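A short write-up of the structure that comes next.
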Amino acid sequence: MIAKGSIVALVTPMFESGAIDWETLEALVEWHVASGTKGVVPVGTTGESPTVTADENCEIIRFVVERTAGRMSVIAGTGANSTSEAIEFTASAKKSGADACLLVTPYYNKPTQAGLVAHYSAIAAAVDLPQVLYNVPGRTSCDLLPVTVAQLMSVPQVIAIKEATGSLERAREIRERCGDRIAIYSGDDETSCDLMLEGAAGTISVTANVAPEAMAEMADAAVAGDEARAHQLDAPLQALHKHLFVESNPIPVKWALGYMKRIPSGIRLPLTLLSEQFHADVVAALREAGVVN
């Protein structure tokens, strides 16, 4: 099983040239371990999976597994809109020692619900590694419906879903259909506290990149069912939850980490640096969360 609580959807630090900054990546891993983050997702959307090469994808996962050294769960981002490519990435992640894989629904080619079942089943048949399904239709134009999630309960490797619609009702329906057979993780920071208070196992968070300790404390309280403390801890984070999405993720969060002197400024095209008009709002959100003065 993978950890409960706050799991960071980790950025991939890059130099201005676009080259990966491996030393800073290691420093980020150490920061998250020290901050109480329970798990890490390398090469998810926040890690710029669309623009890292296949070799880089596999190397980042191997590097993060090695540097975490069992101190956090590693859920490798191995999704693709080609089933054969997803199998290759997942096989590499298993070889590297990842605890599980995060498999986004195939994007752009818009598979049917039957196609989604076939996609995840084929990956499971090829690679015996626990799967976390990832539903984010706002980015993929492909919605993994609760009835389909329930069908996938027959696949032993499917253990969880990252549900990023931001709909509490959607998560409730998955829980009604699947019970405790599939763990639910929030993929929407703004609603993650409430989702965990309703029984979700944790959150796979963008906000955790810049406020790891605060997110870990909030998630621990929410998973434990301490509603008052969870909401108290989440309130100062709400501005971050909002303003880290003023432009496409990971543009704002990488800019914020750069402002915090945690990473260099690199980001790969077609993504660009955060527009200047949003700088003040992001800084104000960082201050409200108490992560900068």
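How things are named: the first chain in the structure tokens is A, the next is B, and so on; residues count from 1 in each chain; ligands count from 1 in the order shown.
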May I have the residues within 12 Å of range 123-126 of chain A as an MDAnalysis selection string, using only C-alpha atoms and disregarding those fewer than 2 positions away in the same chain? chainID A and resid 78:80 82:92 94 100:103 116:121 128:133 152 154:159
For range 191-208 of chain A: contacts at 8 Å, only C-alpha atoms, fewer than 4 positions along chain excluded, given as an NGL selection string: :A and (4-10 or 37 or 41 or 46 or 162 or 166-168 or 171 or 183-187 or 212-216 or 218-219 or 222-227 or 230-231 or 234 or 240-241 or 244 or 253)
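Considering the residues A:Ala221, A:Glu48, A:Met72, A:Ala164 and counting only C-alpha atoms, Pro250 in chain A has its shortest atom-to-atom contact with A:Glu48.
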Here is a test: counting only C-alpha atoms, which residue of A:Val283, A:Arg62, A:Leu145, A:Leu273 is nearest to Lys95 in chain A?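 Looking only at the distances to Lys95 in chain A, the closest residue turns out to be A:Arg62.
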Looking at only C-alpha atoms, which of A:Ala289, A:Ala69, A:Leu233, A:Val52 is the one that sits closest to Asp220 in chain A? A:Leu233
From the DSSP assignment of the backbone, select every residue of range 31-187 of chain A that is strand (DSSP E), and format the answer as a list in words.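 For range 31-187 of chain A, the strand (DSSP E) set is Gly39, Val40, Val41, Ser73, Val74, Ile75, Ala76, Gly77, Ala100, Cys101, Leu102, Leu103, Val104, Gln131, Val132, Leu133, Tyr134, Asn135, Val158, Ile159, Ala160, Ile161, Lys162, Glu163, Ala183, Ile184, Tyr185 and Ser186 of chain A.
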Selection from above, C-alpha atoms, as a JSON list (two decimals), in the first residue's frame, can you write it?
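The new file result04.json reads:
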[["chain", "number", "residue", "atom", "x", "y", "z"],
["A", 39, "GLY", "CA", 4.98, 10.44, -0.70],
["A", 40, "VAL", "CA", 6.24, 11.85, -3.97],
["A", 41, "VAL", "CA", 5.05, 11.66, -7.58],
["A", 73, "SER", "CA", 6.29, 6.36, -1.02],
["A", 74, "VAL", "CA", 7.28, 6.89, -4.66],
["A", 75, "ILE", "CA", 4.37, 6.84, -7.09],
["A", 76, "ALA", "CA", 5.92, 7.08, -10.53],
["A", 77, "GLY", "CA", 4.19, 9.06, -13.25],
["A", 100, "ALA", "CA", 3.28, 2.30, -7.45],
["A", 101, "CYS", "CA", 2.57, 4.09, -10.70],
["A", 102, "LEU", "CA", 0.26, 7.01, -11.47],
["A", 103, "LEU", "CA", -1.52, 6.44, -14.78],
["A", 104, "VAL", "CA", -3.35, 9.40, -16.25],
["A", 131, "GLN", "CA", -1.72, 1.33, -10.15],
["A", 132, "VAL", "CA", -3.14, 4.68, -9.10],
["A", 133, "LEU", "CA", -5.65, 5.75, -11.74],
["A", 134, "TYR", "CA", -5.59, 9.47, -12.53],
["A", 135, "ASN", "CA", -8.70, 11.26, -13.71],
["A", 158, "VAL", "CA", -5.61, -1.09, -9.32],
["A", 159, "ILE", "CA", -5.42, 0.13, -5.73],
["A", 160, "ALA", "CA", -6.35, 3.82, -5.85],
["A", 161, "ILE", "CA", -7.52, 6.77, -7.90],
["A", 162, "LYS", "CA", -6.36, 10.37, -8.01],
["A", 163, "GLU", "CA", -9.65, 12.17, -8.60],
["A", 183, "ALA", "CA", -8.44, 4.34, -2.07],
["A", 184, "ILE", "CA", -9.29, 7.86, -3.19],
["A", 185, "TYR", "CA", -6.69, 10.64, -3.32],
["A", 186, "SER", "CA", -7.59, 14.23, -4.05]]
When you count only C-alpha atoms, which of these residues is closest to Gln277 in chain A: A:Ala239, A:Val246, A:Ile251, A:Ala150?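 Of A:Ala239, A:Val246, A:Ile251, A:Ala150, the one nearest Gln277 in chain A is A:Val246, counting only C-alpha atoms.
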Here is a test: counting only C-alpha atoms, which residue of A:Pro137, A:Val147, A:Gly47, A:Cys178 is nearest to Ala114 in chain A?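 Of A:Pro137, A:Val147, A:Gly47, A:Cys178, the one nearest Ala114 in chain A, counting only C-alpha atoms, is A:Val147.
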Looking at only C-alpha atoms, which of A:Pro252, A:Gly179, A:Gly70, A:Gly44 is the one that sits closest to Phe278 in chain A?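 Distance minimum relative to Phe278 in chain A lands on A:Pro252.
For the atom pair formed by CA of Glu173 in chain A and CA of Thr148 in chain A, the distance is 11.5 Å, given to one decimal.
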Can you tell me, as a ChimeraX atom specification, what residues are no more than 10 Å from Leu25 in chain A when counting only C-alpha atoms, ignoring any on the same chain fewer than 2 positions away? /A:10-14,20-23,27-31,60,63-64,67,262-263
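Put simply, CA of Ser35 in chain A is 23.0 Å away from CA of Phe245 in chain A.
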Backbone DSSP call of helix (DSSP H, G or I) for range 10-243 of chain A, listed as a ChimeraX atom specification: /A:22-35,54-68,83-96,113-126,137-140,146-154,168-178,189-197,207-209,212-223,227-243
So what do you get for CA of Ile174 in chain A versus CA of Gln113 in chain A, distance-wise?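 Result for CA of Ile174 in chain A versus CA of Gln113 in chain A: 15.2 Å, one decimal.
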